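What follows is a set of notes on a single structure, which appears directly below.
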Amino acid sequence: MRIGILGDIHGNTEALSAVVAVMKNDGIDVWVQVGDIVGYGPEPSACIDIVRELGCITCLGNHDAAVLGRLDTSYFNNFARAAIQWTAKQLRPSDFEFLANLKYVESRDEFTVVHGTLHLPDQFGYVISPVEALDSLDQQATRLCFVGHSHVPAMYLRRGAATTDIRAINQFDDEVSYRDYERVLINVGSVGQPRDEDPRAAYGLVDTDRQVASIRRVQYDIPGVQRKILRAGLPEVLANRLSLGV
Ligand code: ZN
């Protein structure tokens with residue numbers, strides 16, 4: 001089975017369309033989306049449409065929760081909050097209904113999907129080091145778990161289900177074999193707003209037959225989405241950061 005994983009799309013249709021076009025050549029059997037379809041970007045409804053058409057197994061992100069009014073946005077920075085308010089005015093009733101039906105955690109036989117961490121899924125904490133990865137891995141009942149939220153790709157591989165011995169990977173030039181590991185936590189990075197200083201859109205690909213995982217990057221029309229961000233009246237910083245991948 002080949003699992004294609006999208007995350008943190010953030011209303012960026014240019015990035016999402018480019019990634020999906022590449023993924024269609026990957027022979028994906030199961031499509032997954034780890035949350036934050038909306039927020040920051042200029043085309044939230046169009047991105048929801050694409051995610052729905054692909055039939056992605058999808059969980060709720062913090063920006064998705066914020067537009068539903070389910071999350072206190074006082075800890076959001078000003079730009080993020082402004083974008084949430086803008087997004088809430090753009091969404092169609094069917095978009096709200098779709099987002100409102102998403103759960104914090106989705107599980108299948110081989111994998112679990114959550115936006116932040118499995119130990120506190122409704123708190124939207126970040127997995128950015130083996131310390132947080134360990135807490136989440138302790139709650140992981142499936143061999144694979146896919147997360148997002150930090151917009152920085154990473155993999156945490158645990159040999160036994162109870163050991164604290166964790167291998168952390170942050171470079172993804174090659175695919176990673178997880179054959180020798182019982183638990184694998186994969187942060188797939190961000191489609192629509194990468195923050196690892198690589199502006200290309202990111203997605204995850206897992207082949208469960210070969211037991212390999214990879215993070216792939218795709219070039220897309222950054223100036224195109226930047227023009228839409230400015231035309232929409234969204235904060236300029238949200239356009240500028242896309243060229244830098246921050
Ligand atoms: Zn996000």
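Residue numbering restarts at 1 for every chain of the structure tokens, chains are lettered A, B, ... in their displayed order, and ligands are numbered from 1 as they appear.
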Each residue of chain A with at least one atom at most 6 Å from ligand 1 should appear once, together with its nearest atom pair and the corresponding distance in Å (one decimal); atoms considered: only C-alpha atoms and all ligand atoms; ordering: chain, then increasing residue number; output as a Markdown table.
```
| residue | atom | partner | partner_atom_place_in_ligand_line | distance |
| --- | --- | --- | --- | --- |
| A:Asp8 | CA | ligand 1 | 1 (Zn) | 4.5 |
| A:Asp36 | CA | ligand 1 | 1 (Zn) | 5.2 |
| A:His149 | CA | ligand 1 | 1 (Zn) | 4.6 |
```
Contacts of range 14-28 of chain A at 9 Å (only C-alpha atoms; same-chain gap of 3+ positions) as a list in words: Met1, Arg2, Ile3, Gly4, Leu6, Ile9, Gly11, Trp31, Cys47, Ile50, Val191, Gly192, Gln193, Arg200, Ala201, Ala202, Tyr203, Leu205, Arg217, Val218, Gln219, Tyr220, Asp221, Ile222, Gly224 and Val225 of chain A
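DSSP, applied to the backbone of this structure, assigns strand (DSSP E or B) to the following residues of range 50-143 of chain A: Ile57, Thr58, Cys59, Lys103, Val105, Glu106, Ser107, Phe111, Thr112, Val113 and Val114 of chain A.
Straight-line separation from CA of Ser136 in chain A to CA of Gln33 in chain A: 18.3 Å.
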A:Asn77, A:Ser129, A:Thr87, A:Thr58 ranked by distance to Ile229 in chain A, top pick (using only C-alpha atoms):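 So, comparing all the options, the nearest one is A:Thr87.
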List the spatial neighbours of range 154-165 of chain A as a PDB file with N, CA, C and O atoms, in the first residue's frame - criterion: any atom at most 10 Å away, only C-alpha atoms, same-chain residues fewer than 6 positions off excluded.
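Writing the result to part.pdb gives the following:
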```pdb
ATOM      1  N   VAL A 127       5.531  18.664  17.725  1.00  0.00           N
ATOM      2  CA  VAL A 127       6.603  17.666  17.810  1.00  0.00           C
ATOM      3  C   VAL A 127       7.796  18.259  17.070  1.00  0.00           C
ATOM      4  O   VAL A 127       7.822  18.293  15.844  1.00  0.00           O
ATOM      5  N   ILE A 128       8.758  18.793  17.832  1.00  0.00           N
ATOM      6  CA  ILE A 128       9.937  19.374  17.178  1.00  0.00           C
ATOM      7  C   ILE A 128      11.242  18.749  17.662  1.00  0.00           C
ATOM      8  O   ILE A 128      12.308  19.101  17.189  1.00  0.00           O
ATOM      9  N   SER A 129      11.154  17.806  18.599  1.00  0.00           N
ATOM     10  CA  SER A 129      12.366  17.113  19.052  1.00  0.00           C
ATOM     11  C   SER A 129      11.952  15.744  19.570  1.00  0.00           C
ATOM     12  O   SER A 129      10.759  15.479  19.781  1.00  0.00           O
ATOM     13  N   PRO A 130      12.935  14.864  19.822  1.00  0.00           N
ATOM     14  CA  PRO A 130      12.593  13.529  20.338  1.00  0.00           C
ATOM     15  C   PRO A 130      11.843  13.579  21.674  1.00  0.00           C
ATOM     16  O   PRO A 130      11.114  12.647  22.004  1.00  0.00           O
ATOM     17  N   VAL A 131      11.977  14.669  22.432  1.00  0.00           N
ATOM     18  CA  VAL A 131      11.289  14.777  23.723  1.00  0.00           C
ATOM     19  C   VAL A 131       9.776  14.726  23.544  1.00  0.00           C
ATOM     20  O   VAL A 131       9.081  13.920  24.171  1.00  0.00           O
ATOM     21  N   ALA A 133       8.291  13.857  20.757  1.00  0.00           N
ATOM     22  CA  ALA A 133       7.987  12.666  19.960  1.00  0.00           C
ATOM     23  C   ALA A 133       7.736  11.473  20.881  1.00  0.00           C
ATOM     24  O   ALA A 133       6.819  10.683  20.658  1.00  0.00           O
ATOM     25  N   LEU A 134       8.526  11.379  21.953  1.00  0.00           N
ATOM     26  CA  LEU A 134       8.400  10.255  22.881  1.00  0.00           C
ATOM     27  C   LEU A 134       7.016  10.219  23.536  1.00  0.00           C
ATOM     28  O   LEU A 134       6.379   9.172  23.622  1.00  0.00           O
ATOM     29  N   LEU A 137       4.621   9.100  20.860  1.00  0.00           N
ATOM     30  CA  LEU A 137       4.861   7.681  20.518  1.00  0.00           C
ATOM     31  C   LEU A 137       4.318   6.746  21.596  1.00  0.00           C
ATOM     32  O   LEU A 137       3.864   5.643  21.301  1.00  0.00           O
ATOM     33  N   ASP A 138       4.352   7.185  22.863  1.00  0.00           N
ATOM     34  CA  ASP A 138       3.816   6.365  23.962  1.00  0.00           C
ATOM     35  C   ASP A 138       2.326   6.069  23.761  1.00  0.00           C
ATOM     36  O   ASP A 138       1.812   5.079  24.268  1.00  0.00           O
ATOM     37  N   GLN A 139       1.619   6.966  23.066  1.00  0.00           N
ATOM     38  CA  GLN A 139       0.172   6.806  22.856  1.00  0.00           C
ATOM     39  C   GLN A 139      -0.156   6.172  21.507  1.00  0.00           C
ATOM     40  O   GLN A 139      -1.320   6.032  21.159  1.00  0.00           O
ATOM     41  N   GLN A 140       0.882   5.829  20.759  1.00  0.00           N
ATOM     42  CA  GLN A 140       0.669   5.397  19.375  1.00  0.00           C
ATOM     43  C   GLN A 140       0.388   3.897  19.300  1.00  0.00           C
ATOM     44  O   GLN A 140       1.279   3.088  19.547  1.00  0.00           O
ATOM     45  N   ALA A 141      -0.827   3.521  18.933  1.00  0.00           N
ATOM     46  CA  ALA A 141      -1.227   2.111  18.888  1.00  0.00           C
ATOM     47  C   ALA A 141      -0.942   1.471  17.531  1.00  0.00           C
ATOM     48  O   ALA A 141      -0.910   0.250  17.411  1.00  0.00           O
ATOM     49  N   ARG A 143       1.569   1.191  13.926  1.00  0.00           N
ATOM     50  CA  ARG A 143       3.008   1.304  13.662  1.00  0.00           C
ATOM     51  C   ARG A 143       3.376   2.694  13.136  1.00  0.00           C
ATOM     52  O   ARG A 143       4.415   3.242  13.462  1.00  0.00           O
ATOM     53  N   LEU A 144       2.491   3.279  12.334  1.00  0.00           N
ATOM     54  CA  LEU A 144       2.763   4.576  11.722  1.00  0.00           C
ATOM     55  C   LEU A 144       1.853   5.658  12.296  1.00  0.00           C
ATOM     56  O   LEU A 144       0.685   5.387  12.596  1.00  0.00           O
ATOM     57  N   CYS A 145       2.390   6.863  12.442  1.00  0.00           N
ATOM     58  CA  CYS A 145       1.551   8.017  12.789  1.00  0.00           C
ATOM     59  C   CYS A 145       2.013   9.210  11.970  1.00  0.00           C
ATOM     60  O   CYS A 145       3.220   9.450  11.837  1.00  0.00           O
ATOM     61  N   PHE A 146       1.060   9.935  11.404  1.00  0.00           N
ATOM     62  CA  PHE A 146       1.376  11.101  10.582  1.00  0.00           C
ATOM     63  C   PHE A 146       0.908  12.370  11.285  1.00  0.00           C
ATOM     64  O   PHE A 146      -0.249  12.454  11.705  1.00  0.00           O
ATOM     65  N   VAL A 147       1.811  13.347  11.398  1.00  0.00           N
ATOM     66  CA  VAL A 147       1.482  14.627  12.020  1.00  0.00           C
ATOM     67  C   VAL A 147       1.975  15.778  11.140  1.00  0.00           C
ATOM     68  O   VAL A 147       2.681  15.569  10.153  1.00  0.00           O
ATOM     69  N   GLY A 148       1.618  17.010  11.540  1.00  0.00           N
ATOM     70  CA  GLY A 148       2.062  18.214  10.842  1.00  0.00           C
ATOM     71  C   GLY A 148       2.328  19.302  11.864  1.00  0.00           C
ATOM     72  O   GLY A 148       3.055  19.099  12.818  1.00  0.00           O
ATOM     73  N   GLN A 171      16.881  15.133   7.562  1.00  0.00           N
ATOM     74  CA  GLN A 171      17.317  15.320   6.171  1.00  0.00           C
ATOM     75  C   GLN A 171      16.676  14.232   5.328  1.00  0.00           C
ATOM     76  O   GLN A 171      16.729  13.057   5.707  1.00  0.00           O
ATOM     77  N   PHE A 172      16.117  14.606   4.195  1.00  0.00           N
ATOM     78  CA  PHE A 172      15.327  13.629   3.437  1.00  0.00           C
ATOM     79  C   PHE A 172      15.706  13.548   1.967  1.00  0.00           C
ATOM     80  O   PHE A 172      14.859  13.540   1.089  1.00  0.00           O
ATOM     81  N   VAL A 176      13.628   6.595   3.682  1.00  0.00           N
ATOM     82  CA  VAL A 176      14.050   6.049   4.973  1.00  0.00           C
ATOM     83  C   VAL A 176      13.394   4.686   5.163  1.00  0.00           C
ATOM     84  O   VAL A 176      12.175   4.557   5.048  1.00  0.00           O
ATOM     85  N   SER A 177      14.206   3.674   5.446  1.00  0.00           N
ATOM     86  CA  SER A 177      13.637   2.353   5.727  1.00  0.00           C
ATOM     87  C   SER A 177      13.229   2.297   7.197  1.00  0.00           C
ATOM     88  O   SER A 177      13.995   2.685   8.075  1.00  0.00           O
ATOM     89  N   TYR A 178      11.998   1.816   7.461  1.00  0.00           N
ATOM     90  CA  TYR A 178      11.587   1.671   8.862  1.00  0.00           C
ATOM     91  C   TYR A 178      11.400   0.208   9.227  1.00  0.00           C
ATOM     92  O   TYR A 178      10.760  -0.130  10.218  1.00  0.00           O
ATOM     93  N   ARG A 179      12.023  -0.672   8.447  1.00  0.00           N
ATOM     94  CA  ARG A 179      11.905  -2.119   8.631  1.00  0.00           C
ATOM     95  C   ARG A 179      12.226  -2.554  10.064  1.00  0.00           C
ATOM     96  O   ARG A 179      11.556  -3.412  10.628  1.00  0.00           O
ATOM     97  N   ASP A 180      13.239  -1.928  10.682  1.00  0.00           N
ATOM     98  CA  ASP A 180      13.696  -2.370  12.012  1.00  0.00           C
ATOM     99  C   ASP A 180      12.986  -1.648  13.155  1.00  0.00           C
ATOM    100  O   ASP A 180      13.422  -1.754  14.300  1.00  0.00           O
ATOM    101  N   TYR A 181      11.935  -0.909  12.863  1.00  0.00           N
ATOM    102  CA  TYR A 181      11.312  -0.085  13.902  1.00  0.00           C
ATOM    103  C   TYR A 181       9.849  -0.456  14.112  1.00  0.00           C
ATOM    104  O   TYR A 181       9.105  -0.671  13.159  1.00  0.00           O
ATOM    105  N   GLU A 182       9.448  -0.460  15.378  1.00  0.00           N
ATOM    106  CA  GLU A 182       8.065  -0.808  15.720  1.00  0.00           C
ATOM    107  C   GLU A 182       7.123   0.386  15.641  1.00  0.00           C
ATOM    108  O   GLU A 182       5.928   0.231  15.428  1.00  0.00           O
ATOM    109  N   ARG A 183       7.669   1.566  15.917  1.00  0.00           N
ATOM    110  CA  ARG A 183       6.839   2.766  15.921  1.00  0.00           C
ATOM    111  C   ARG A 183       7.522   3.868  15.108  1.00  0.00           C
ATOM    112  O   ARG A 183       8.709   4.138  15.316  1.00  0.00           O
ATOM    113  N   VAL A 184       6.733   4.498  14.230  1.00  0.00           N
ATOM    114  CA  VAL A 184       7.281   5.520  13.344  1.00  0.00           C
ATOM    115  C   VAL A 184       6.362   6.741  13.370  1.00  0.00           C
ATOM    116  O   VAL A 184       5.168   6.622  13.084  1.00  0.00           O
ATOM    117  N   LEU A 185       6.914   7.878  13.750  1.00  0.00           N
ATOM    118  CA  LEU A 185       6.161   9.136  13.788  1.00  0.00           C
ATOM    119  C   LEU A 185       6.723  10.039  12.691  1.00  0.00           C
ATOM    120  O   LEU A 185       7.920  10.351  12.692  1.00  0.00           O
ATOM    121  N   ILE A 186       5.861  10.430  11.763  1.00  0.00           N
ATOM    122  CA  ILE A 186       6.333  11.213  10.613  1.00  0.00           C
ATOM    123  C   ILE A 186       5.643  12.564  10.575  1.00  0.00           C
ATOM    124  O   ILE A 186       4.418  12.644  10.471  1.00  0.00           O
ATOM    125  N   ASN A 187       6.447  13.624  10.688  1.00  0.00           N
ATOM    126  CA  ASN A 187       5.935  14.971  10.453  1.00  0.00           C
ATOM    127  C   ASN A 187       6.181  15.273   8.979  1.00  0.00           C
ATOM    128  O   ASN A 187       7.330  15.348   8.542  1.00  0.00           O
ATOM    129  N   VAL A 188       5.091  15.409   8.230  1.00  0.00           N
ATOM    130  CA  VAL A 188       5.213  15.473   6.769  1.00  0.00           C
ATOM    131  C   VAL A 188       5.550  16.864   6.240  1.00  0.00           C
ATOM    132  O   VAL A 188       5.663  17.058   5.030  1.00  0.00           O
ATOM    133  N   GLY A 189       5.745  17.841   7.141  1.00  0.00           N
ATOM    134  CA  GLY A 189       6.032  19.194   6.662  1.00  0.00           C
ATOM    135  C   GLY A 189       4.774  19.836   6.112  1.00  0.00           C
ATOM    136  O   GLY A 189       3.669  19.337   6.311  1.00  0.00           O
ATOM    137  N   ALA A 213       9.716   5.257   3.917  1.00  0.00           N
ATOM    138  CA  ALA A 213       9.004   6.539   3.990  1.00  0.00           C
ATOM    139  C   ALA A 213       9.885   7.619   3.398  1.00  0.00           C
ATOM    140  O   ALA A 213      11.114   7.575   3.538  1.00  0.00           O
ATOM    141  N   SER A 214       9.268   8.591   2.737  1.00  0.00           N
ATOM    142  CA  SER A 214      10.067   9.705   2.235  1.00  0.00           C
ATOM    143  C   SER A 214       9.289  11.005   2.354  1.00  0.00           C
ATOM    144  O   SER A 214       8.060  11.017   2.462  1.00  0.00           O
ATOM    145  N   ILE A 215      10.051  12.092   2.378  1.00  0.00           N
ATOM    146  CA  ILE A 215       9.475  13.438   2.290  1.00  0.00           C
ATOM    147  C   ILE A 215       9.914  13.973   0.941  1.00  0.00           C
ATOM    148  O   ILE A 215      11.107  13.992   0.623  1.00  0.00           O
TER     149      ILE A 215
END
```
Long-range neighbours of Ile57 in chain A as a ChimeraX atom specification, 9 Å cut-off, only C-alpha atoms, 4 positions minimum in chain: /A:30-34,51,106,113
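By only C-alpha atoms, and with residues fewer than 2 positions from Ala239 in chain A along its chain excluded, the set lying at most 7 Å from it is Gln226, Ile229, Glu236, Val237, Arg241 and Leu242 of chain A.
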Minimum-distance residue to Leu54 in chain A, chosen among A:Tyr126, A:Glu97, A:Asp29, A:Asp209 (using only C-alpha atoms): A:Asp29
Distance in Å - CA of Leu230 in chain A versus CA of Pro199 in chain A: 18.3 Å
All residues 10 Å or closer to Ala65 in chain A, only C-alpha atoms, same chain fewer than 6 positions away omitted, as JSON, numbers by chain: {"A": [35, 36, 38, 71, 72, 73, 84, 99, 100, 102, 104, 122]}
Writer output for current selection, N, CA and C atoms, as an mmCIF file, in the first residue's frame:
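Contents of selection.cif, freshly written:
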```cif
data_model
loop_
_atom_site.group_PDB
_atom_site.id
_atom_site.type_symbol
_atom_site.label_atom_id
_atom_site.label_comp_id
_atom_site.auth_asym_id
_atom_site.auth_seq_id
_atom_site.Cartn_x
_atom_site.Cartn_y
_atom_site.Cartn_z
ATOM 1 N N GLY A 35 -4.330 18.061 8.532
ATOM 2 C CA GLY A 35 -4.952 19.232 9.166
ATOM 3 C C GLY A 35 -4.389 20.568 8.730
ATOM 4 N N ASP A 36 -5.175 21.632 9.021
ATOM 5 C CA ASP A 36 -4.888 22.994 8.575
ATOM 6 C C ASP A 36 -4.992 23.134 7.052
ATOM 7 N N VAL A 38 -7.044 25.277 5.934
ATOM 8 C CA VAL A 38 -7.325 26.721 5.802
ATOM 9 C C VAL A 38 -6.416 27.540 6.733
ATOM 10 N N LEU A 71 -11.463 27.437 19.009
ATOM 11 C CA LEU A 71 -10.140 27.587 19.602
ATOM 12 C C LEU A 71 -9.919 29.053 19.918
ATOM 13 N N ASP A 72 -9.416 29.311 21.100
ATOM 14 C CA ASP A 72 -9.064 30.674 21.494
ATOM 15 C C ASP A 72 -7.869 31.113 20.643
ATOM 16 N N THR A 73 -8.033 32.191 19.889
ATOM 17 C CA THR A 73 -6.947 32.616 19.003
ATOM 18 C C THR A 73 -6.029 33.651 19.654
ATOM 19 N N ILE A 84 -7.327 34.253 10.067
ATOM 20 C CA ILE A 84 -8.458 33.431 10.527
ATOM 21 C C ILE A 84 -9.759 34.219 10.355
ATOM 22 N N LEU A 99 -15.557 20.989 7.871
ATOM 23 C CA LEU A 99 -14.551 21.148 8.931
ATOM 24 C C LEU A 99 -15.117 20.723 10.290
ATOM 25 N N ALA A 100 -16.394 21.039 10.502
ATOM 26 C CA ALA A 100 -17.007 20.741 11.806
ATOM 27 C C ALA A 100 -17.109 19.244 12.058
ATOM 28 N N LEU A 102 -14.731 17.072 11.235
ATOM 29 C CA LEU A 102 -13.401 16.461 11.380
ATOM 30 C C LEU A 102 -13.112 16.168 12.842
ATOM 31 N N TYR A 104 -10.165 15.136 15.975
ATOM 32 C CA TYR A 104 -8.763 15.414 16.316
ATOM 33 C C TYR A 104 -7.843 14.279 15.865
ATOM 34 N N ASP A 122 -6.039 17.699 21.337
ATOM 35 C CA ASP A 122 -6.838 18.934 21.280
ATOM 36 C C ASP A 122 -6.053 20.151 21.773
#
```
CA of Ala83 in chain A to CA of Asn62 in chain A, distance in Å rounded to a single decimal: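 The value is 13.0 Å.
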Those in range 9-176 of chain A with alpha helix (DSSP H) from DSSP, as number ranges by chain: A: 13-23, 44-54, 62-67, 78-90, 93-100, 130-138
